[in-house]
Structure formats: structure tokens, C-alpha cells
file run27.txt (compact mmCIF, N, CA and C atoms)
# COMPACT_ATOMS: atom_id res chain seq x y z
N MET A 1 -10.33 152.57 -142.80
CA MET A 1 -11.48 152.89 -141.96
C MET A 1 -12.35 151.64 -141.75
N HIS A 2 -12.39 150.76 -142.76
CA HIS A 2 -13.17 149.53 -142.61
C HIS A 2 -12.64 148.69 -141.46
N ASP A 3 -11.33 148.69 -141.29
CA ASP A 3 -10.73 147.92 -140.19
C ASP A 3 -11.17 148.47 -138.84
N HIS A 4 -11.23 149.79 -138.75
CA HIS A 4 -11.67 150.42 -137.51
C HIS A 4 -13.13 150.09 -137.21
N LEU A 5 -13.98 150.16 -138.24
CA LEU A 5 -15.40 149.84 -138.05
C LEU A 5 -15.58 148.36 -137.71
N LYS A 6 -14.80 147.51 -138.37
CA LYS A 6 -14.88 146.08 -138.06
C LYS A 6 -14.46 145.83 -136.61
N SER A 7 -13.43 146.54 -136.17
CA SER A 7 -12.97 146.42 -134.79
C SER A 7 -14.06 146.87 -133.81
N LEU A 8 -14.75 147.96 -134.14
CA LEU A 8 -15.86 148.42 -133.30
C LEU A 8 -16.95 147.37 -133.20
N LEU A 9 -17.29 146.77 -134.35
CA LEU A 9 -18.33 145.74 -134.37
C LEU A 9 -17.92 144.50 -133.58
N LEU A 10 -16.69 144.08 -133.75
CA LEU A 10 -16.22 142.90 -133.01
C LEU A 10 -16.17 143.17 -131.51
N ASP A 11 -15.76 144.38 -131.13
CA ASP A 11 -15.77 144.74 -129.71
C ASP A 11 -17.19 144.72 -129.16
N ALA A 12 -18.13 145.24 -129.93
CA ALA A 12 -19.53 145.25 -129.49
C ALA A 12 -20.06 143.82 -129.38
N LEU A 13 -19.68 142.98 -130.32
CA LEU A 13 -20.11 141.58 -130.28
C LEU A 13 -19.55 140.87 -129.06
N ASN A 14 -18.28 141.11 -128.78
CA ASN A 14 -17.65 140.50 -127.60
C ASN A 14 -18.28 141.03 -126.31
N ALA A 15 -18.66 142.29 -126.31
CA ALA A 15 -19.30 142.86 -125.12
C ALA A 15 -20.67 142.25 -124.88
N CYS A 16 -21.35 141.86 -125.93
CA CYS A 16 -22.68 141.24 -125.79
C CYS A 16 -22.59 139.83 -125.23
N THR A 17 -21.54 139.12 -125.58
CA THR A 17 -21.46 137.70 -125.26
C THR A 17 -21.51 137.40 -123.77
N PRO A 18 -20.68 138.03 -122.91
CA PRO A 18 -20.76 137.68 -121.49
C PRO A 18 -22.12 138.00 -120.87
N ARG A 19 -22.70 139.16 -121.23
CA ARG A 19 -24.00 139.51 -120.67
C ARG A 19 -25.07 138.57 -121.17
N LEU A 20 -24.99 138.17 -122.42
CA LEU A 20 -25.96 137.25 -122.97
C LEU A 20 -25.87 135.91 -122.25
N THR A 21 -24.66 135.46 -121.99
CA THR A 21 -24.48 134.20 -121.28
C THR A 21 -25.06 134.30 -119.87
N SER A 22 -24.82 135.40 -119.19
CA SER A 22 -25.37 135.58 -117.85
C SER A 22 -26.89 135.62 -117.91
N ALA A 23 -27.42 136.31 -118.90
CA ALA A 23 -28.88 136.39 -119.03
C ALA A 23 -29.45 135.02 -119.33
N GLU A 24 -28.75 134.24 -120.15
CA GLU A 24 -29.23 132.90 -120.46
C GLU A 24 -29.24 132.03 -119.21
N LEU A 25 -28.22 132.17 -118.38
CA LEU A 25 -28.20 131.41 -117.13
C LEU A 25 -29.38 131.81 -116.25
N LEU A 26 -29.60 133.10 -116.14
CA LEU A 26 -30.72 133.59 -115.34
C LEU A 26 -32.04 133.15 -115.96
N LEU A 27 -32.14 133.23 -117.28
CA LEU A 27 -33.36 132.81 -117.95
C LEU A 27 -33.61 131.33 -117.72
N GLY A 28 -32.56 130.55 -117.72
CA GLY A 28 -32.71 129.12 -117.45
C GLY A 28 -33.36 128.89 -116.11
N GLN A 29 -32.96 129.66 -115.11
CA GLN A 29 -33.58 129.55 -113.78
C GLN A 29 -35.03 129.99 -113.84
N ILE A 30 -35.29 131.07 -114.57
CA ILE A 30 -36.66 131.57 -114.67
C ILE A 30 -37.54 130.59 -115.43
N GLU A 31 -37.01 130.02 -116.51
CA GLU A 31 -37.79 129.06 -117.28
C GLU A 31 -38.12 127.84 -116.45
N GLU A 32 -37.17 127.41 -115.62
CA GLU A 32 -37.45 126.29 -114.74
C GLU A 32 -38.60 126.63 -113.81
N GLU A 33 -38.59 127.85 -113.28
CA GLU A 33 -39.68 128.27 -112.41
C GLU A 33 -40.97 128.39 -113.20
N ALA A 34 -40.90 128.92 -114.43
CA ALA A 34 -42.10 129.11 -115.23
C ALA A 34 -42.68 127.78 -115.68
N ASP A 35 -41.82 126.78 -115.91
CA ASP A 35 -42.30 125.47 -116.34
C ASP A 35 -43.01 124.73 -115.21
N SER A 36 -42.62 125.03 -113.99
CA SER A 36 -43.28 124.38 -112.87
C SER A 36 -44.67 124.98 -112.71
N PRO A 37 -45.61 124.23 -112.20
CA PRO A 37 -46.98 124.73 -112.09
C PRO A 37 -47.13 125.86 -111.08
N ARG A 38 -46.12 126.12 -110.29
CA ARG A 38 -46.24 127.17 -109.28
C ARG A 38 -44.93 127.93 -109.13
N LEU A 39 -45.02 129.12 -108.67
CA LEU A 39 -43.84 129.86 -108.23
C LEU A 39 -43.62 129.48 -106.77
N ASP A 40 -42.44 129.79 -106.27
CA ASP A 40 -42.23 129.55 -104.85
C ASP A 40 -43.31 130.28 -104.07
N PRO A 41 -43.67 129.77 -102.92
CA PRO A 41 -44.71 130.44 -102.15
C PRO A 41 -44.36 131.90 -101.89
N CYS A 42 -45.33 132.75 -102.07
CA CYS A 42 -45.14 134.18 -101.86
C CYS A 42 -45.91 134.59 -100.61
N ALA A 43 -45.38 135.59 -99.95
CA ALA A 43 -46.02 136.08 -98.74
C ALA A 43 -47.38 136.71 -99.06
N ASP A 44 -47.43 137.41 -100.19
CA ASP A 44 -48.69 138.04 -100.55
C ASP A 44 -48.72 138.31 -102.06
N GLU A 45 -49.81 138.90 -102.52
CA GLU A 45 -49.98 139.17 -103.94
C GLU A 45 -48.96 140.18 -104.47
N ASN A 46 -48.54 141.11 -103.63
CA ASN A 46 -47.56 142.11 -104.06
C ASN A 46 -46.22 141.46 -104.38
N GLU A 47 -45.80 140.54 -103.54
CA GLU A 47 -44.54 139.84 -103.79
C GLU A 47 -44.63 139.01 -105.08
N TYR A 48 -45.76 138.36 -105.26
CA TYR A 48 -45.97 137.56 -106.48
C TYR A 48 -45.92 138.47 -107.71
N ALA A 49 -46.57 139.61 -107.65
CA ALA A 49 -46.56 140.55 -108.77
C ALA A 49 -45.14 141.04 -109.05
N SER A 50 -44.38 141.28 -108.02
CA SER A 50 -42.98 141.71 -108.19
C SER A 50 -42.17 140.64 -108.91
N ARG A 51 -42.36 139.39 -108.51
CA ARG A 51 -41.62 138.30 -109.15
C ARG A 51 -42.01 138.14 -110.61
N VAL A 52 -43.29 138.23 -110.90
CA VAL A 52 -43.74 138.12 -112.29
C VAL A 52 -43.18 139.27 -113.12
N THR A 53 -43.18 140.47 -112.57
CA THR A 53 -42.62 141.63 -113.27
C THR A 53 -41.14 141.45 -113.51
N GLU A 54 -40.42 140.96 -112.52
CA GLU A 54 -38.98 140.72 -112.67
C GLU A 54 -38.71 139.70 -113.78
N MET A 55 -39.50 138.66 -113.84
CA MET A 55 -39.32 137.67 -114.90
C MET A 55 -39.59 138.31 -116.27
N GLY A 56 -40.59 139.16 -116.36
CA GLY A 56 -40.90 139.84 -117.61
C GLY A 56 -39.77 140.75 -118.06
N VAL A 57 -39.20 141.49 -117.13
CA VAL A 57 -38.08 142.38 -117.44
C VAL A 57 -36.88 141.57 -117.92
N THR A 58 -36.60 140.47 -117.25
CA THR A 58 -35.48 139.62 -117.63
C THR A 58 -35.67 139.06 -119.04
N LEU A 59 -36.87 138.63 -119.35
CA LEU A 59 -37.15 138.11 -120.69
C LEU A 59 -36.98 139.20 -121.74
N CYS A 60 -37.42 140.42 -121.44
CA CYS A 60 -37.27 141.53 -122.38
C CYS A 60 -35.80 141.87 -122.59
N LEU A 61 -35.02 141.88 -121.53
CA LEU A 61 -33.59 142.15 -121.65
C LEU A 61 -32.90 141.10 -122.50
N LYS A 62 -33.25 139.85 -122.32
CA LYS A 62 -32.66 138.77 -123.10
C LYS A 62 -33.02 138.93 -124.58
N ALA A 63 -34.25 139.27 -124.86
CA ALA A 63 -34.66 139.47 -126.25
C ALA A 63 -33.92 140.65 -126.87
N ARG A 64 -33.74 141.71 -126.11
CA ARG A 64 -33.01 142.89 -126.59
C ARG A 64 -31.55 142.54 -126.88
N GLN A 65 -30.93 141.74 -126.02
CA GLN A 65 -29.54 141.32 -126.23
C GLN A 65 -29.42 140.44 -127.47
N ARG A 66 -30.39 139.53 -127.68
CA ARG A 66 -30.37 138.69 -128.88
C ARG A 66 -30.50 139.55 -130.14
N GLU A 67 -31.38 140.54 -130.09
CA GLU A 67 -31.58 141.43 -131.23
C GLU A 67 -30.31 142.23 -131.52
N ARG A 68 -29.67 142.74 -130.49
CA ARG A 68 -28.43 143.52 -130.67
C ARG A 68 -27.34 142.64 -131.28
N ARG A 69 -27.22 141.44 -130.77
CA ARG A 69 -26.23 140.50 -131.31
C ARG A 69 -26.51 140.21 -132.79
N ALA A 70 -27.75 140.01 -133.15
CA ALA A 70 -28.12 139.75 -134.54
C ALA A 70 -27.79 140.96 -135.42
N GLN A 71 -28.02 142.17 -134.92
CA GLN A 71 -27.69 143.37 -135.67
C GLN A 71 -26.18 143.46 -135.93
N ILE A 72 -25.40 143.15 -134.91
CA ILE A 72 -23.94 143.21 -135.05
C ILE A 72 -23.46 142.15 -136.04
N GLU A 73 -23.98 140.94 -135.92
CA GLU A 73 -23.58 139.88 -136.83
C GLU A 73 -23.98 140.23 -138.27
N SER A 74 -25.14 140.83 -138.45
CA SER A 74 -25.58 141.27 -139.78
C SER A 74 -24.65 142.33 -140.35
N ALA A 75 -24.24 143.28 -139.50
CA ALA A 75 -23.32 144.33 -139.95
C ALA A 75 -21.98 143.73 -140.35
N LEU A 76 -21.49 142.74 -139.61
CA LEU A 76 -20.23 142.08 -139.96
C LEU A 76 -20.35 141.35 -141.30
N LYS A 77 -21.49 140.72 -141.55
CA LYS A 77 -21.70 140.04 -142.84
C LYS A 77 -21.74 141.05 -143.98
N ARG A 78 -22.44 142.19 -143.76
CA ARG A 78 -22.49 143.23 -144.79
C ARG A 78 -21.09 143.78 -145.07
N LEU A 79 -20.28 143.87 -144.03
CA LEU A 79 -18.91 144.35 -144.19
C LEU A 79 -18.10 143.38 -145.07
N GLU A 80 -18.28 142.08 -144.85
CA GLU A 80 -17.58 141.07 -145.64
C GLU A 80 -18.02 141.09 -147.11
N VAL A 81 -19.32 141.27 -147.33
CA VAL A 81 -19.87 141.23 -148.69
C VAL A 81 -19.64 142.53 -149.45
N GLY A 82 -19.44 143.61 -148.72
CA GLY A 82 -19.22 144.90 -149.36
C GLY A 82 -20.44 145.79 -149.39
N ASP A 83 -21.52 145.38 -148.70
CA ASP A 83 -22.74 146.19 -148.63
C ASP A 83 -22.79 147.09 -147.41
N TYR A 84 -21.77 147.02 -146.59
CA TYR A 84 -21.76 147.79 -145.34
C TYR A 84 -21.67 149.27 -145.65
N GLY A 85 -22.46 150.06 -144.93
CA GLY A 85 -22.41 151.51 -145.10
C GLY A 85 -23.29 152.02 -146.21
N VAL A 86 -24.13 151.15 -146.77
CA VAL A 86 -25.06 151.55 -147.82
C VAL A 86 -26.47 151.50 -147.24
N CYS A 87 -27.21 152.58 -147.42
CA CYS A 87 -28.57 152.68 -146.88
C CYS A 87 -29.48 151.64 -147.53
N ASP A 88 -30.24 150.92 -146.70
CA ASP A 88 -31.16 149.90 -147.20
C ASP A 88 -32.31 150.50 -148.00
N ASP A 89 -32.70 151.74 -147.70
CA ASP A 89 -33.84 152.35 -148.37
C ASP A 89 -33.46 153.05 -149.68
N CYS A 90 -32.49 153.95 -149.63
CA CYS A 90 -32.19 154.78 -150.80
C CYS A 90 -30.95 154.34 -151.56
N GLY A 91 -30.12 153.49 -150.97
CA GLY A 91 -28.92 153.02 -151.64
C GLY A 91 -27.74 153.98 -151.58
N GLU A 92 -27.91 155.10 -150.93
CA GLU A 92 -26.80 156.06 -150.77
C GLU A 92 -25.88 155.61 -149.65
N ASP A 93 -24.67 156.16 -149.64
CA ASP A 93 -23.73 155.85 -148.57
C ASP A 93 -24.21 156.45 -147.24
N ILE A 94 -24.03 155.70 -146.18
CA ILE A 94 -24.33 156.19 -144.84
C ILE A 94 -23.11 156.98 -144.38
N ALA A 95 -23.33 158.14 -143.81
CA ALA A 95 -22.23 159.01 -143.38
C ALA A 95 -21.32 158.29 -142.39
N LEU A 96 -20.04 158.52 -142.54
CA LEU A 96 -19.04 157.89 -141.68
C LEU A 96 -19.29 158.23 -140.21
N ALA A 97 -19.65 159.48 -139.93
CA ALA A 97 -19.92 159.88 -138.54
C ALA A 97 -21.06 159.05 -137.96
N ARG A 98 -22.08 158.74 -138.75
CA ARG A 98 -23.20 157.92 -138.27
C ARG A 98 -22.72 156.49 -138.01
N LEU A 99 -21.90 155.96 -138.90
CA LEU A 99 -21.41 154.60 -138.71
C LEU A 99 -20.50 154.49 -137.50
N LEU A 100 -19.72 155.55 -137.25
CA LEU A 100 -18.87 155.54 -136.06
C LEU A 100 -19.71 155.61 -134.79
N ALA A 101 -20.80 156.37 -134.84
CA ALA A 101 -21.69 156.49 -133.67
C ALA A 101 -22.54 155.24 -133.49
N ASN A 102 -22.98 154.65 -134.61
CA ASN A 102 -23.83 153.47 -134.57
C ASN A 102 -23.38 152.52 -135.67
N PRO A 103 -22.40 151.66 -135.39
CA PRO A 103 -21.84 150.79 -136.43
C PRO A 103 -22.84 149.81 -137.05
N THR A 104 -23.99 149.60 -136.42
CA THR A 104 -24.97 148.67 -136.98
C THR A 104 -26.04 149.38 -137.80
N ALA A 105 -25.89 150.68 -138.03
CA ALA A 105 -26.88 151.44 -138.77
C ALA A 105 -27.07 150.86 -140.17
N THR A 106 -28.34 150.74 -140.58
CA THR A 106 -28.65 150.24 -141.92
C THR A 106 -29.31 151.32 -142.77
N LEU A 107 -29.59 152.46 -142.16
CA LEU A 107 -30.24 153.56 -142.87
C LEU A 107 -29.43 154.83 -142.71
N CYS A 108 -29.45 155.66 -143.75
CA CYS A 108 -28.82 156.98 -143.63
C CYS A 108 -29.70 157.84 -142.72
N VAL A 109 -29.18 158.97 -142.31
CA VAL A 109 -29.90 159.84 -141.38
C VAL A 109 -31.25 160.26 -141.95
N HIS A 110 -31.29 160.58 -143.24
CA HIS A 110 -32.53 161.07 -143.85
C HIS A 110 -33.60 159.98 -143.89
N CYS A 111 -33.24 158.78 -144.30
CA CYS A 111 -34.21 157.69 -144.35
C CYS A 111 -34.66 157.27 -142.95
N GLN A 112 -33.75 157.30 -141.98
CA GLN A 112 -34.12 156.99 -140.61
C GLN A 112 -35.12 158.02 -140.09
N ALA A 113 -34.86 159.30 -140.39
CA ALA A 113 -35.79 160.36 -139.96
C ALA A 113 -37.14 160.18 -140.62
N ASP A 114 -37.16 159.80 -141.90
CA ASP A 114 -38.44 159.56 -142.59
C ASP A 114 -39.21 158.43 -141.93
N ARG A 115 -38.52 157.37 -141.57
CA ARG A 115 -39.19 156.25 -140.90
C ARG A 115 -39.73 156.65 -139.52
N GLU A 116 -38.99 157.47 -138.82
CA GLU A 116 -39.43 157.88 -137.49
C GLU A 116 -40.60 158.86 -137.58
N ARG A 117 -40.66 159.66 -138.63
CA ARG A 117 -41.77 160.60 -138.82
C ARG A 117 -43.02 159.91 -139.30
N ALA A 118 -42.89 158.85 -140.06
CA ALA A 118 -44.02 158.19 -140.70
C ALA A 118 -45.12 157.80 -139.69
N PRO A 119 -44.81 157.16 -138.57
CA PRO A 119 -45.88 156.81 -137.63
C PRO A 119 -46.57 158.06 -137.06
N GLN A 120 -45.82 159.12 -136.85
CA GLN A 120 -46.41 160.34 -136.31
C GLN A 120 -47.38 160.95 -137.30
N GLN A 121 -47.06 160.89 -138.58
CA GLN A 121 -47.93 161.46 -139.59
C GLN A 121 -49.21 160.66 -139.70
N ARG A 122 -49.16 159.34 -139.56
CA ARG A 122 -50.35 158.51 -139.64
C ARG A 122 -51.29 158.78 -138.46
N CYS A 123 -50.73 159.08 -137.30
CA CYS A 123 -51.55 159.30 -136.10
C CYS A 123 -52.18 160.68 -136.08
N ALA A 124 -51.60 161.62 -136.79
CA ALA A 124 -52.07 163.01 -136.72
C ALA A 124 -53.39 163.22 -137.40
call {"tool": "encode", "arguments": {"input": "run27.txt", "output": "C-alpha cells"}}
result
Amino acid sequence: MHDHLKSLLLDALNACTPRLTSAELLLGQIEEEADSPRLDPCADENEYASRVTEMGVTLCLKARQRERRAQIESALKRLEVGDYGVCDDCGEDIALARLLANPTATLCVHCQADRERAPQQRCA
């Protein structure tokens, strides 16, 4: 089963790479524009706002892709060391069904639910 999970992780890592490269190319263009003191001339404020929003979305997508890649690489390292599939909070085994659904999971279902409930309880 470890081989299957490792295969899932490697497939996910390979799937991230082309999109990350494309995003980096696009980000390079955006950074060049951002480094210059001006954006290309815009017809009006609405067009300028659209361009700024588009740059923000692109930067967020790139950050999300970097985070996903780091999660996958971390899961592969845990797999090599033998810590893969162990909950970071309680130390119990993470259910196989959860790992198959989310191979980068670091928490069991119960600890994940506790973390998701915690902010709601503080706000109430």
C-alpha cells in the first residue's frame, strides 16, 4: 500500500510541476510589470483595477501551488522516514481511506475536525 500512496504523491508532484512552471513564467512577466514604475497605459480606472486584480489572483495561485508542492514533498519525506500516516497531533494512525483521498494529510479525521471547530468556538 505504501507503494500505491507513494505513486499517488509522485503523480501529484509531477502534476504540480508544469503548472508551477507556467505560473512562474507568467509571474515573471507580472513582476517585470510590477517592478516598472507604471503599468501599461490603461483606458480608464476600471481597466487598471482589473489588471491589478488579475495580478493579485496570479500571485495567490502561485503561492497556493508552492504550498501544495511543499506539502507533497513533505509527505514523501515522511514516507521515507517512516512517519507517514501518523497524526501530527495525537500520534495515532491516519485512516487509509483518508490517505487515499488526501495523500498529504498530516492529521487524522478527529484532530482535523477539532482544529476546524476551534476557531468557531472562539468566535461564539
call {"tool": "residues_around", "arguments": {"input": "run27.txt", "residues": "Gly91 in chain A", "least_positions_apart": "5", "cutoff": "8 Å", "atoms": "only N, CA and C atoms", "output": "ChimeraX atom specification"}}
result
/A:85-86,108
call {"tool": "atom_distance", "arguments": {"input": "run27.txt", "atom1": "atom N of Thr106 in chain A", "atom2": "atom N of Met1 in chain A"}}
result
18.2 Å
call {"tool": "residues_near_point", "arguments": {"input": "run27.txt", "point": "(-33.1, 156.6, -143.9)", "cutoff": "9 Å", "atoms": "only C-alpha atoms", "output": "PyMOL selection string"}}
result
chain A and resi 87-90+94+106-115
call {"tool": "residues_around", "arguments": {"input": "run27.txt", "residues": "Asp11 in chain A", "least_positions_apart": "3", "cutoff": "12 Å", "atoms": "only C-alpha atoms", "output": "ChimeraX atom specification"}}
result
/A:4-8,14-18,69,72-73,76,103
call {"tool": "atom_distance", "arguments": {"input": "run27.txt", "atom1": "CA of Leu9 in chain A", "atom2": "CA of Ala95 in chain A"}}
result
16.5 Å
call {"tool": "closest_residue", "arguments": {"input": "run27.txt", "among": "A:Gly56, A:Arg68, A:Pro41, A:Ser50", "to": "Leu13 in chain A", "atoms": "all atoms listed in the file"}}
result
A:Arg68
call {"tool": "closest_residue", "arguments": {"input": "run27.txt", "among": "A:Ala12, A:Val52, A:Asp3, A:Ala97", "to": "Gln65 in chain A", "atoms": "only C-alpha atoms"}}
result
A:Ala12
call {"tool": "atom_distance", "arguments": {"input": "run27.txt", "atom1": "atom C of Leu79 in chain A", "atom2": "atom C of Leu10 in chain A"}}
result
13.7 Å
